[in-house]
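Listing of coords18.txt; format and content: compact mmCIF, C-alpha atoms.
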```txt
# COMPACT_ATOMS: atom_id res chain seq x y z
CA MET A 1 75.75 111.18 87.10
CA LYS A 2 76.84 114.80 87.29
CA ALA A 3 74.41 117.70 87.44
CA SER A 4 74.23 120.02 84.46
CA ALA A 5 75.51 123.54 85.03
CA PHE A 6 73.36 126.04 86.88
CA SER A 7 73.85 129.38 88.52
CA TYR A 8 73.73 129.29 92.30
CA HIS A 9 72.31 131.84 94.71
CA LYS A 10 72.23 131.69 98.48
CA PRO A 11 70.03 134.51 99.76
CA SER A 12 70.28 135.37 103.44
CA THR A 13 66.77 136.79 103.85
CA LEU A 14 63.32 135.55 102.85
CA HIS A 15 62.76 138.85 101.06
CA ASP A 16 65.82 138.29 98.87
CA ALA A 17 64.85 134.68 98.20
CA LEU A 18 61.36 135.66 97.02
CA HIS A 19 62.69 138.40 94.77
CA LEU A 20 65.19 136.00 93.24
CA LEU A 21 62.38 133.52 92.63
CA GLN A 22 60.43 136.22 90.88
CA SER A 23 63.28 137.51 88.73
CA GLU A 24 65.17 134.33 87.81
CA GLU A 25 63.96 132.21 84.93
CA ASP A 26 63.61 128.49 85.54
CA ALA A 27 64.73 128.56 89.16
CA LYS A 28 64.48 125.63 91.58
CA ILE A 29 64.58 125.87 95.37
CA LEU A 30 67.32 123.83 97.04
CA ALA A 31 66.46 122.98 100.66
CA GLY A 32 67.71 119.68 102.14
CA GLY A 33 68.53 118.38 98.67
CA GLN A 34 67.74 114.75 99.47
CA SER A 35 65.33 114.49 96.53
CA LEU A 36 66.47 117.36 94.31
CA MET A 37 70.17 116.43 94.35
CA PRO A 38 69.58 112.89 93.01
CA MET A 39 67.33 114.37 90.33
CA LEU A 40 70.03 116.90 89.41
CA ASN A 41 72.76 114.25 89.38
CA MET A 42 70.68 112.04 87.11
CA ARG A 43 69.70 115.09 85.03
CA PHE A 44 66.00 114.44 85.49
CA VAL A 45 65.92 118.17 86.16
CA GLN A 46 68.25 120.74 84.61
CA PRO A 47 67.32 124.11 86.06
CA GLU A 48 69.04 127.33 84.98
CA THR A 49 69.23 128.53 88.56
CA LEU A 50 69.29 127.06 92.04
CA ILE A 51 68.20 129.17 94.99
CA ASP A 52 69.65 127.65 98.15
CA VAL A 53 67.35 128.51 101.08
CA ASN A 54 69.57 126.94 103.74
CA GLY A 55 70.68 130.42 104.86
CA LEU A 56 67.12 131.37 105.90
CA GLU A 57 67.39 130.57 109.59
CA GLU A 58 63.91 131.94 110.28
CA LEU A 59 62.39 129.05 108.32
CA SER A 60 63.68 126.40 110.76
CA ALA A 61 61.66 127.35 113.84
CA ILE A 62 59.17 125.03 115.54
CA HIS A 63 56.58 126.78 117.76
CA TYR A 64 53.63 125.66 119.84
CA SER A 65 50.75 127.64 121.29
CA ASP A 66 47.54 125.63 120.75
CA ILE A 67 48.65 125.24 117.15
CA ILE A 68 51.93 123.79 115.98
CA GLU A 69 53.91 125.87 113.51
CA ILE A 70 56.77 124.13 111.77
CA GLY A 71 59.16 126.09 109.58
CA ALA A 72 59.56 124.51 106.15
CA LEU A 73 63.32 124.20 106.65
CA ALA A 74 63.01 122.13 109.85
CA ARG A 75 65.19 119.06 109.30
CA GLN A 76 63.78 115.57 109.66
CA LYS A 77 66.44 114.83 112.28
CA THR A 78 65.33 117.86 114.30
CA LEU A 79 61.65 116.89 114.07
CA ALA A 80 62.48 113.34 115.20
CA SER A 81 63.84 114.60 118.51
CA ASN A 82 61.98 117.88 119.04
CA PRO A 83 60.09 117.99 122.38
CA ILE A 84 57.12 119.93 120.94
CA ILE A 85 56.65 117.32 118.24
CA GLN A 86 57.15 114.53 120.78
CA GLN A 87 54.44 115.89 123.03
CA HIS A 88 51.87 117.21 120.57
CA LEU A 89 52.48 115.31 117.34
CA PRO A 90 53.96 111.92 118.25
CA ILE A 91 52.63 110.33 115.06
CA MET A 92 55.10 112.46 113.10
CA GLN A 93 57.99 110.87 114.98
CA GLU A 94 56.57 107.43 114.26
CA ALA A 95 56.24 108.31 110.58
CA LEU A 96 59.80 109.67 110.51
CA LYS A 97 61.17 106.24 111.40
CA TRP A 98 60.23 105.28 107.85
CA VAL A 99 61.74 108.33 106.13
CA GLY A 100 65.01 107.50 104.37
CA HIS A 101 68.05 106.86 106.58
CA PHE A 102 69.67 108.75 109.43
CA GLN A 103 72.28 110.08 106.98
CA THR A 104 69.54 111.65 104.83
CA GLN A 105 67.44 112.89 107.78
CA THR A 106 70.35 115.13 108.81
CA ARG A 107 69.71 117.20 105.67
CA GLY A 108 66.13 116.42 104.56
CA THR A 109 63.46 118.98 105.47
CA ILE A 110 59.70 118.79 106.04
CA GLY A 111 59.14 121.46 103.39
CA GLY A 112 61.15 119.44 100.90
CA SER A 113 59.09 116.30 101.58
CA LEU A 114 55.86 118.26 101.04
CA CYS A 115 57.03 120.02 97.86
CA HIS A 116 58.65 116.96 96.29
CA LEU A 117 55.41 115.08 97.05
CA ASP A 118 56.52 111.55 96.35
CA PRO A 119 53.51 109.19 96.22
CA ALA A 120 55.03 107.24 99.11
CA ALA A 121 56.09 110.19 101.26
CA GLU A 122 55.20 109.88 104.94
CA LEU A 123 55.27 113.53 106.07
CA PRO A 124 52.50 114.62 103.66
CA MET A 125 50.43 111.75 105.09
CA VAL A 126 50.82 113.21 108.59
CA ALA A 127 49.96 116.72 107.34
CA LEU A 128 46.86 115.28 105.64
CA LEU A 129 45.63 113.60 108.83
CA TYR A 130 45.45 116.95 110.63
CA ASP A 131 44.23 119.06 107.69
CA ALA A 132 47.43 121.08 107.97
CA GLU A 133 47.63 124.48 106.33
CA LEU A 134 50.65 125.30 104.23
CA GLU A 135 51.82 128.88 104.07
CA VAL A 136 53.44 129.87 100.80
CA SER A 137 54.87 133.26 99.92
CA ASN A 138 55.92 135.12 96.82
CA ALA A 139 57.26 138.63 96.38
CA SER A 140 53.77 140.14 96.59
CA GLY A 141 52.32 138.27 99.55
CA THR A 142 51.45 135.12 101.47
CA ARG A 143 48.61 132.64 101.11
CA SER A 144 47.55 129.56 102.98
CA ILE A 145 46.73 126.29 101.21
CA PRO A 146 44.70 123.53 102.91
CA MET A 147 46.60 120.25 102.78
CA GLN A 148 43.74 118.49 101.02
CA GLU A 149 44.17 120.92 98.11
CA TRP A 150 47.96 120.67 98.08
CA ALA A 151 48.41 117.75 95.67
CA LEU A 152 47.29 118.54 92.12
CA ALA A 153 48.73 115.45 90.44
CA TYR A 154 51.66 113.04 90.61
CA MET A 155 54.53 114.92 92.33
CA MET A 156 52.87 118.23 91.57
CA PRO A 157 52.01 120.42 94.55
CA SER A 158 49.71 123.40 94.22
CA ILE A 159 52.50 125.97 94.40
CA GLY A 160 53.46 128.56 91.79
CA PRO A 161 56.95 128.79 90.26
CA ASP A 162 57.50 132.07 92.10
CA GLU A 163 56.27 130.76 95.46
CA LEU A 164 58.16 129.31 98.43
CA LEU A 165 56.67 127.09 101.12
CA THR A 166 57.56 128.74 104.42
CA LYS A 167 55.49 127.16 107.18
CA ILE A 168 53.30 124.19 108.04
CA VAL A 169 50.49 124.92 110.50
CA ILE A 170 48.95 121.95 112.33
CA ARG A 171 46.03 122.02 114.75
CA PRO A 172 46.23 119.01 117.09
CA TRP A 173 42.90 117.39 117.87
CA GLN A 174 41.20 118.40 121.13
CA GLY A 175 40.57 115.83 123.83
CA ALA A 176 41.76 112.25 123.99
CA TYR A 177 42.47 110.49 120.73
CA GLY A 178 44.70 107.71 119.44
CA TYR A 179 47.08 107.55 116.53
CA GLY A 180 48.57 104.81 114.42
CA PHE A 181 51.09 104.67 111.60
CA GLN A 182 51.89 101.53 109.62
CA GLU A 183 54.02 100.98 106.56
CA PHE A 184 55.48 98.21 104.49
CA ALA A 185 58.68 98.59 102.46
CA ARG A 186 60.98 95.82 101.31
CA ARG A 187 63.98 97.22 103.16
CA HIS A 188 64.32 99.86 105.86
CA GLY A 189 64.38 103.27 104.19
CA ASP A 190 62.93 102.10 100.88
CA PHE A 191 59.89 103.78 99.40
CA ALA A 192 56.65 102.53 100.92
CA ILE A 193 54.73 99.97 98.91
CA ALA A 194 51.80 100.92 101.11
CA ALA A 195 51.45 103.10 104.20
CA VAL A 196 48.54 104.15 106.43
CA GLY A 197 48.17 106.88 109.04
CA CYS A 198 45.16 107.01 111.37
CA LEU A 199 43.76 109.26 114.10
CA LEU A 200 40.62 108.30 115.94
CA LYS A 201 38.39 109.03 118.93
CA LEU A 202 36.43 106.33 120.70
CA GLU A 203 33.37 106.84 122.92
CA ASN A 204 31.89 103.73 124.51
CA ASN A 205 33.82 101.72 121.94
CA ILE A 206 32.17 103.63 119.06
CA ILE A 207 34.40 105.48 116.56
CA THR A 208 33.16 109.06 116.81
CA ASN A 209 35.92 110.74 114.83
CA ILE A 210 38.41 109.26 112.41
CA SER A 211 41.01 110.54 110.01
CA VAL A 212 42.87 108.18 107.66
CA SER A 213 45.59 108.91 105.11
CA ILE A 214 47.18 106.52 102.63
CA GLY A 215 50.51 106.63 100.81
CA GLY A 216 52.38 104.54 98.28
CA VAL A 217 49.25 103.11 96.71
CA GLU A 218 48.09 105.93 94.42
CA ASP A 219 49.72 108.73 92.38
CA VAL A 220 49.63 111.01 95.40
CA PRO A 221 49.29 110.50 99.15
CA ARG A 222 45.73 111.40 100.13
CA ARG A 223 43.02 111.31 102.77
CA PHE A 224 41.02 108.08 102.64
CA ILE A 225 37.65 109.80 102.93
CA GLU A 226 35.66 106.75 101.75
CA CYS A 227 37.10 104.78 104.65
CA GLU A 228 36.51 107.57 107.17
CA ASN A 229 32.86 107.83 106.14
CA SER A 230 32.40 104.11 106.35
CA LEU A 231 33.95 103.84 109.81
CA THR A 232 32.44 106.88 111.52
CA GLY A 233 29.86 105.59 113.99
CA ALA A 234 31.14 102.01 113.74
CA GLU A 235 31.67 99.87 116.79
CA PHE A 236 35.34 99.08 117.31
CA ASN A 237 35.58 95.36 116.82
CA LYS A 238 37.64 93.54 114.23
CA ASP A 239 34.75 91.91 112.36
CA GLU A 240 32.82 95.14 112.07
CA ILE A 241 35.88 97.10 110.89
CA GLY A 242 36.87 94.32 108.48
CA GLU A 243 33.42 94.46 106.87
CA ARG A 244 33.32 98.22 106.62
CA ILE A 245 36.68 98.71 104.91
CA ILE A 246 36.01 96.34 102.00
CA GLU A 247 34.07 98.82 99.86
CA PRO A 248 36.50 101.74 100.50
CA LEU A 249 39.44 99.49 99.56
CA ASN A 250 37.70 98.86 96.22
CA GLN A 251 37.63 102.61 95.54
CA VAL A 252 41.43 103.05 95.60
CA GLN A 253 43.13 103.55 92.21
CA TYR A 254 46.07 101.27 92.96
CA LEU A 255 49.44 101.88 91.30
CA ASP A 256 50.13 98.78 89.24
CA ASP A 257 53.47 97.97 87.64
CA SER A 258 55.58 94.99 86.71
CA LEU A 259 57.40 94.94 90.06
CA ILE A 260 54.50 95.53 92.40
CA THR A 261 50.99 94.74 91.24
CA GLY A 262 47.88 96.63 92.25
CA ALA A 263 46.49 93.43 93.79
CA TYR A 264 49.52 93.14 96.07
CA ARG A 265 49.22 96.79 97.08
CA ARG A 266 45.54 96.26 97.88
CA ARG A 267 46.36 93.27 100.04
CA LEU A 268 49.02 95.19 101.91
CA LEU A 269 46.84 98.25 102.33
CA LYS A 270 44.09 96.16 103.88
CA GLY A 271 46.42 94.63 106.46
CA LEU A 272 48.12 97.93 107.28
CA LEU A 273 44.80 99.72 107.56
CA LEU A 274 43.52 97.20 110.10
CA ARG A 275 46.74 97.45 112.10
CA ALA A 276 46.78 101.26 112.05
CA ILE A 277 43.16 101.45 113.20
CA GLU A 278 43.82 98.95 115.98
CA GLN A 279 46.98 100.77 117.04
CA ALA A 280 45.07 104.07 117.17
CA ALA A 281 42.14 102.52 119.05
CA ASN A 282 44.48 101.01 121.65
CA ARG A 283 45.95 104.46 122.28
CA ALA A 284 42.63 106.31 122.25
CA MET B 1 78.01 132.59 89.48
CA GLN B 2 79.36 129.33 88.06
CA ASP B 3 82.67 129.10 89.90
CA GLN B 4 82.74 129.22 93.65
CA GLN B 5 85.61 129.90 96.00
CA ILE B 6 85.17 127.27 98.70
CA GLU B 7 86.90 126.92 102.03
CA MET B 8 86.39 124.25 104.65
CA GLN B 9 88.16 122.41 107.44
CA VAL B 10 88.70 118.83 106.38
CA ASN B 11 89.96 116.47 109.09
CA GLY B 12 91.13 119.52 111.02
CA LYS B 13 93.10 121.06 108.17
CA PRO B 14 92.03 123.99 106.02
CA VAL B 15 91.19 123.17 102.40
CA SER B 16 90.36 125.79 99.84
CA GLY B 17 89.72 125.64 96.16
CA VAL B 18 87.58 126.76 93.28
CA ALA B 19 84.78 124.51 92.06
CA GLU B 20 81.77 124.86 89.84
CA SER B 21 78.46 125.42 91.62
CA ARG B 22 77.29 122.01 90.46
CA THR B 23 80.23 120.15 92.02
CA HIS B 24 79.01 118.01 94.87
CA LEU B 25 80.94 117.66 98.10
CA GLY B 26 82.14 114.13 97.25
CA ASP B 27 83.81 115.25 94.03
CA PHE B 28 85.31 118.29 95.78
CA LEU B 29 86.85 116.08 98.48
CA ARG B 30 88.28 113.66 95.92
CA GLN B 31 89.38 116.06 93.21
CA THR B 32 90.20 119.32 94.97
CA ALA B 33 91.17 118.12 98.45
CA GLY B 34 92.82 114.99 96.98
CA LEU B 35 91.15 112.76 99.57
CA THR B 36 90.14 109.72 97.56
CA GLY B 37 89.11 107.64 100.57
CA THR B 38 85.55 108.90 100.10
CA HIS B 39 84.04 106.59 97.49
CA LEU B 40 81.33 107.60 95.07
CA GLY B 41 79.01 104.76 94.20
CA CYS B 42 75.51 105.53 93.01
CA GLU B 43 75.62 109.32 93.26
CA HIS B 44 71.94 109.51 94.04
CA GLY B 45 71.91 108.87 97.76
CA VAL B 46 71.13 105.16 97.82
CA CYS B 47 74.41 103.29 98.38
CA GLY B 48 75.89 105.27 101.28
CA ALA B 49 79.50 104.78 100.13
CA CYS B 50 80.16 108.53 100.00
CA THR B 51 79.01 109.27 103.57
CA VAL B 52 81.10 111.91 105.34
CA ILE B 53 80.55 113.92 108.52
CA VAL B 54 79.69 117.61 108.20
CA ASN B 55 79.54 119.63 111.42
CA GLY B 56 78.95 116.42 113.37
CA ASP B 57 76.21 115.00 111.15
CA ALA B 58 76.62 112.07 108.78
CA VAL B 59 75.59 113.18 105.28
CA ARG B 60 75.68 111.82 101.76
CA SER B 61 78.47 113.82 100.11
CA CYS B 62 76.82 113.24 96.70
CA LEU B 63 73.64 114.96 97.93
CA MET B 64 75.27 118.15 99.13
CA LEU B 65 76.93 120.73 96.95
CA ALA B 66 80.54 121.54 97.76
CA VAL B 67 79.55 125.21 98.03
CA GLN B 68 77.02 124.26 100.71
CA ALA B 69 79.86 122.94 102.86
CA ASN B 70 81.63 126.30 102.66
CA ASN B 71 83.06 127.16 106.11
CA CYS B 72 81.98 123.77 107.50
CA GLU B 73 84.00 121.17 109.40
CA VAL B 74 84.19 117.95 107.43
CA THR B 75 85.49 114.58 108.59
CA THR B 76 86.27 111.90 106.01
CA ILE B 77 87.59 108.35 106.42
CA GLU B 78 91.10 109.81 106.36
CA GLY B 79 90.31 111.70 109.57
CA ILE B 80 89.02 108.77 111.62
CA ALA B 81 92.36 107.30 112.79
CA GLU B 82 94.50 109.05 115.41
CA GLU B 83 97.11 111.54 114.22
CA ASP B 84 99.91 109.07 114.95
CA GLY B 85 98.25 106.56 112.63
CA SER B 86 96.88 104.25 115.32
CA LEU B 87 93.53 102.89 114.31
CA HIS B 88 90.19 104.02 115.68
CA PRO B 89 88.29 101.25 117.55
CA LEU B 90 85.91 100.98 114.57
CA GLN B 91 88.79 100.42 112.17
CA GLU B 92 90.36 97.84 114.48
CA ALA B 93 87.06 96.07 114.89
CA PHE B 94 86.51 95.97 111.12
CA GLN B 95 89.91 94.30 110.79
CA ASN B 96 89.23 91.83 113.62
CA ASN B 97 85.83 90.76 112.30
CA HIS B 98 86.55 90.56 108.57
CA ALA B 99 84.02 93.34 108.09
CA LEU B 100 85.33 94.22 104.66
CA GLN B 101 86.33 92.44 101.52
CA CYS B 102 86.63 94.70 98.48
CA GLY B 103 86.52 97.79 100.69
CA PHE B 104 84.35 99.96 98.47
CA CYS B 105 81.61 100.45 101.04
CA THR B 106 83.97 100.58 104.02
CA ALA B 107 84.60 104.33 104.15
CA GLY B 108 80.85 105.00 104.21
CA MET B 109 80.22 102.23 106.73
CA ILE B 110 82.83 103.59 109.12
CA THR B 111 81.88 107.26 108.80
CA SER B 112 78.21 106.33 109.27
CA LEU B 113 78.92 104.19 112.33
CA TYR B 114 81.33 106.81 113.69
CA ALA B 115 78.59 109.46 113.66
CA PHE B 116 75.98 106.97 114.90
CA LEU B 117 78.06 105.69 117.84
CA SER B 118 79.33 109.18 118.71
CA GLU B 119 75.76 110.20 119.52
CA ASN B 120 75.33 107.15 121.74
CA PRO B 121 77.59 104.08 121.84
CA SER B 122 75.05 101.88 123.65
CA ARG B 123 73.15 100.38 120.73
CA SER B 124 71.28 97.17 120.19
CA ASP B 125 71.93 94.82 117.24
CA GLU B 126 68.69 95.99 115.71
CA GLU B 127 69.67 99.65 115.96
CA ILE B 128 73.06 98.92 114.42
CA ARG B 129 71.44 97.05 111.53
CA GLU B 130 69.04 99.92 110.99
CA ALA B 131 71.89 102.45 111.10
CA ILE B 132 73.75 100.71 108.27
CA SER B 133 70.59 99.93 106.29
CA GLY B 134 71.46 102.91 104.10
CA ASN B 135 74.92 101.53 103.31
CA ILE B 136 75.08 98.82 100.70
CA CYS B 137 77.77 96.11 100.90
CA ARG B 138 77.91 93.50 98.16
CA CYS B 139 80.69 91.33 99.64
CA THR B 140 80.31 90.57 103.30
CA GLY B 141 76.66 89.76 103.91
CA TYR B 142 76.78 92.35 106.72
CA GLN B 143 77.32 89.85 109.58
CA GLY B 144 80.96 90.85 110.08
CA ILE B 145 80.06 94.54 109.89
CA VAL B 146 77.44 94.18 112.62
CA LEU B 147 79.90 92.22 114.80
CA ALA B 148 82.54 94.91 114.24
CA ALA B 149 80.12 97.68 115.11
CA LYS B 150 79.21 95.89 118.34
CA GLU B 151 82.84 95.33 119.29
CA ALA B 152 83.68 98.99 118.61
CA ALA B 153 80.58 100.20 120.44
CA GLU B 154 81.64 98.33 123.59
CA LYS B 155 85.10 99.87 123.46
CA LEU B 156 83.73 103.35 122.79
CA ALA B 157 81.24 103.07 125.66
CA LYS B 158 84.16 102.53 128.07
CA ARG B 159 86.00 105.63 126.89
```
In structure tokens, what does this structure look like?
Amino acid sequence: MKASAFSYHKPSTLHDALHLLQSEEDAKILAGGQSLMPMLNMRFVQPETLIDVNGLEELSAIHYSDIIEIGALARQKTLASNPIIQQHLPIMQEALKWVGHFQTQTRGTIGGSLCHLDPAAELPMVALLYDAELEVSNASGTRSIPMQEWALAYMMPSIGPDELLTKIVIRPWQGAYGYGFQEFARRHGDFAIAAVGCLLKLENNIITNISVSIGGVEDVPRRFIECENSLTGAEFNKDEIGERIIEPLNQVQYLDDSLITGAYRRRLLKGLLLRAIEQAANRA
Amino acid sequence: MQDQQIEMQVNGKPVSGVAESRTHLGDFLRQTAGLTGTHLGCEHGVCGACTVIVNGDAVRSCLMLAVQANNCEVTTIEGIAEEDGSLHPLQEAFQNNHALQCGFCTAGMITSLYAFLSENPSRSDEEIREAISGNICRCTGYQGIVLAAKEAAEKLAKR
């Protein structure tokens, strides 16, 4: 339960961090450490070099001017109480209630949650709902990656070994809309067995716009496009919604293991989906 | 860059020492600072036993490198009581309510609750239960710990 040896660097500027990433072989970024440190301690990862980005103050900022810009190093604890997030992205604060414990939120960062990309991670689900754009930089420049292209495979984000996630850009929806976030875990702070996020607009009780993301049920958190397509234009009543989600629920490639079966996950997802849609509709 | 010169304030006193980069804060506190009140259980952030307070925030000392706490102010279980040895209300309440048996989780329980109640001592039962949901106790069944937290919270609110 002790990490293998590594060399440690703590750059004080983004420029230095990116050059270190370029020049060091087999380097890992250490941000909040709430996922990487357990993996180091258990020797699931044994990098040659750790680059600690906690000295890069400029990566912690949270700005709002029509769009919300969140620095990758913003801590979960900060996001949970930040007035910009409270006003313009309240679903993130609801999702954060499910993220670890208060003693891990003091260190854990949004960038870390996105880069670690656990199948059950809540913050990627929120980023997915809004089609967030992720800004990543390397020594030669910066590019922007749409959230729907972020996950390549199980715990594998679309980021190069020399790149650093610096910023998450979120465009809140225009006009009135509702949001819902529902999750089931066996104990508070445990990984989600299933989780659902939902944004929707209602006009004359018809769903005119809907965004749904799911976590914990597949290899990666993702947008539930099949469900969105099925529900767009639907009247908001329980029977109608219940009918329309059956086929989308059949399309999910449920994780299935000896502890939690795919059938159980499907059952949970159905219930959580209905609750999240109802919660969002009541707030719309 | 394997060995690091590390300096921090622990319970108000300066501590300095050399540790490998890979040494986590929990091991540094136990082995270099000689403060063995901080208990290391799972060492992957699940059990909460190693919780300490760094610059006012409760953190898992197994999930933070010692070098990351360089120049920080750290409070461990040894720093909770008054200087004259009189117990903190949390410690008294743990004694009064039989909130510990083997004592392994106790340091983490008290440091967690100390940070939690310092932010706001007026907490509901539900909030207290949620606050210690990241601290595993295998002896007490948690009832005594919740009662102790409530008793301490009431005292702290009057301070």
Excluding stretch 50-59 of chain A and its own-chain neighbours fewer than 6 positions away, which residues fall within 8 Å of it when counting all atoms listed in the file? Please give them as a short mmCIF file (atom, residue, chain, number, x, y, z; two decimals) with C-alpha atoms, in the coordinates of the input.
```cif
data_model
loop_
_atom_site.label_atom_id
_atom_site.label_comp_id
_atom_site.auth_asym_id
_atom_site.auth_seq_id
_atom_site.Cartn_x
_atom_site.Cartn_y
_atom_site.Cartn_z
CA PHE A 6 73.36 126.04 86.88
CA SER A 7 73.85 129.38 88.52
CA TYR A 8 73.73 129.29 92.30
CA HIS A 9 72.31 131.84 94.71
CA LYS A 10 72.23 131.69 98.48
CA PRO A 11 70.03 134.51 99.76
CA SER A 12 70.28 135.37 103.44
CA THR A 13 66.77 136.79 103.85
CA LEU A 14 63.32 135.55 102.85
CA ALA A 17 64.85 134.68 98.20
CA LEU A 20 65.19 136.00 93.24
CA LEU A 21 62.38 133.52 92.63
CA ALA A 27 64.73 128.56 89.16
CA LYS A 28 64.48 125.63 91.58
CA ILE A 29 64.58 125.87 95.37
CA LEU A 30 67.32 123.83 97.04
CA ALA A 31 66.46 122.98 100.66
CA GLY A 32 67.71 119.68 102.14
CA GLY A 71 59.16 126.09 109.58
CA ALA A 72 59.56 124.51 106.15
CA LEU A 73 63.32 124.20 106.65
CA ALA A 74 63.01 122.13 109.85
CA THR A 166 57.56 128.74 104.42
CA LYS A 167 55.49 127.16 107.18
#
```
Selection: 7 Å around B:Leu90, only C-alpha atoms, excl. self and same-chain fewer than 4 positions, as an MDAnalysis selection string
chainID B and resid 94 110 148:149 152
Where does chain B meet chain A within 6 Å, residue by residue, with the nearest atom pair and distance in Å to one decimal for each, counting only C-alpha atoms, listed by chain and rising number, as JSON lines?
```
{"residue": "B:Met1", "atom": "CA", "partner": "A:Ser7", "partner_atom": "CA", "distance": 5.3}
{"residue": "B:Gln2", "atom": "CA", "partner": "A:Ser7", "partner_atom": "CA", "distance": 5.5}
{"residue": "B:Arg22", "atom": "CA", "partner": "A:Ala5", "partner_atom": "CA", "distance": 5.9}
{"residue": "B:His44", "atom": "CA", "partner": "A:Pro38", "partner_atom": "CA", "distance": 4.2}
{"residue": "B:Ala58", "atom": "CA", "partner": "A:Gln103", "partner_atom": "CA", "distance": 5.1}
{"residue": "B:Val59", "atom": "CA", "partner": "A:Gln103", "partner_atom": "CA", "distance": 4.8}
{"residue": "B:Leu63", "atom": "CA", "partner": "A:Met37", "partner_atom": "CA", "distance": 5.2}
{"residue": "B:Gly134", "atom": "CA", "partner": "A:His101", "partner_atom": "CA", "distance": 5.8}
```
Residues of the last selection are to be written out with C-alpha atoms, as a PDB file, in the coordinates of the input.
```pdb
ATOM      1  CA  MET B   1      78.010 132.590  89.480  1.00  0.00           C
ATOM      2  CA  GLN B   2      79.360 129.330  88.060  1.00  0.00           C
ATOM      3  CA  ARG B  22      77.290 122.010  90.460  1.00  0.00           C
ATOM      4  CA  HIS B  44      71.940 109.510  94.040  1.00  0.00           C
ATOM      5  CA  ALA B  58      76.620 112.070 108.780  1.00  0.00           C
ATOM      6  CA  VAL B  59      75.590 113.180 105.280  1.00  0.00           C
ATOM      7  CA  LEU B  63      73.640 114.960  97.930  1.00  0.00           C
ATOM      8  CA  GLY B 134      71.460 102.910 104.100  1.00  0.00           C
TER       9      GLY B 134
END
```
Close residues, stretch 9-15 of chain B itself excluded, 9 Å, all atoms listed in the file, min 4 positions apart in chain, as number ranges by chain
B: 29, 32-33, 70-80
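If you measure from each of B:Val146, B:Leu113, B:Leu35, B:Ala107 to B:Asp57 using all atoms listed in the file, the closest one turns out to be B:Leu113.
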Find the residues with any atom within 9 Å of (76.4, 119.3, 98.8); use all atoms listed in the file and the coordinates as given in the file, and write the answer as a PDB file with C-alpha atoms, in the frame of the given file.
```pdb
ATOM      1  CA  GLY A  33      68.530 118.380  98.670  1.00  0.00           C
ATOM      2  CA  MET A  37      70.170 116.430  94.350  1.00  0.00           C
TER       3      MET A  37
ATOM      4  CA  ARG B  22      77.290 122.010  90.460  1.00  0.00           C
ATOM      5  CA  THR B  23      80.230 120.150  92.020  1.00  0.00           C
ATOM      6  CA  HIS B  24      79.010 118.010  94.870  1.00  0.00           C
ATOM      7  CA  LEU B  25      80.940 117.660  98.100  1.00  0.00           C
ATOM      8  CA  GLY B  26      82.140 114.130  97.250  1.00  0.00           C
ATOM      9  CA  VAL B  59      75.590 113.180 105.280  1.00  0.00           C
ATOM     10  CA  ARG B  60      75.680 111.820 101.760  1.00  0.00           C
ATOM     11  CA  SER B  61      78.470 113.820 100.110  1.00  0.00           C
ATOM     12  CA  CYS B  62      76.820 113.240  96.700  1.00  0.00           C
ATOM     13  CA  LEU B  63      73.640 114.960  97.930  1.00  0.00           C
ATOM     14  CA  MET B  64      75.270 118.150  99.130  1.00  0.00           C
ATOM     15  CA  LEU B  65      76.930 120.730  96.950  1.00  0.00           C
ATOM     16  CA  ALA B  66      80.540 121.540  97.760  1.00  0.00           C
ATOM     17  CA  VAL B  67      79.550 125.210  98.030  1.00  0.00           C
ATOM     18  CA  GLN B  68      77.020 124.260 100.710  1.00  0.00           C
ATOM     19  CA  ALA B  69      79.860 122.940 102.860  1.00  0.00           C
TER      20      ALA B  69
END
```
Write out, as CSV, each residue of stretch 98-133 of chain A that has an atom at most 7 Å from stretch 206-213 of chain A, together with the closest pair of atoms and their distance in Å to one decimal, counting all atoms listed in the file, rows going by chain and rising number.
```
residue,atom,partner,partner_atom,distance
A:Met125,CA,A:Ser213,CA,5.6
A:Leu128,CA,A:Ser213,CA,6.5
A:Leu129,CA,A:Ser211,CA,5.7
```
Box dimensions and centre (Å, one decimal) enclosing stretch 4-23 of chain B, axis-aligned, 6 Å extra per side, as AutoDock Vina command-line options:
```
--center_x 85.2 --center_y 123.2 --center_z 100.4 --size_x 27.8 --size_y 25.4 --size_z 33.2
```
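Nearest residue to A:Leu117, choosing from A:Cys198, A:Ala280, A:Ala176, A:Ala153 and counting all atoms listed in the file: A:Ala153.
Here atom CA of A:Ile62 and atom CA of A:Gln87 stand 12.7 Å from one another.
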7 Å contact set for A:Tyr179, only C-alpha atoms, chain neighbours under 6 positions out, as a ChimeraX atom specification
/A:91,198-200,279-280,283
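Across the model, the gap from atom CA of A:Ser81 to atom CA of B:Lys158 is 25.5 Å.
Nearest to B:His98 of all the residues B:Arg30, B:Ile6, B:Leu147, B:Ala157 is B:Leu147, counting all atoms listed in the file.
Here atom CA of B:Ser118 stands at a distance of 17.1 Å from atom CA of B:Ile145.
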Counting only C-alpha atoms, which residues come within 10 Å of (90.2, 100.5, 100.1), with the point read in the file's coordinates, and could you list them as a compact mmCIF listing (two decimals) with C-alpha atoms, keeping the file's coordinate frame?
```txt
# COMPACT_ATOMS: atom_id res chain seq x y z
CA THR B 36 90.14 109.72 97.56
CA GLY B 37 89.11 107.64 100.57
CA THR B 38 85.55 108.90 100.10
CA HIS B 39 84.04 106.59 97.49
CA LEU B 100 85.33 94.22 104.66
CA GLN B 101 86.33 92.44 101.52
CA CYS B 102 86.63 94.70 98.48
CA GLY B 103 86.52 97.79 100.69
CA PHE B 104 84.35 99.96 98.47
CA CYS B 105 81.61 100.45 101.04
CA THR B 106 83.97 100.58 104.02
CA ALA B 107 84.60 104.33 104.15
```
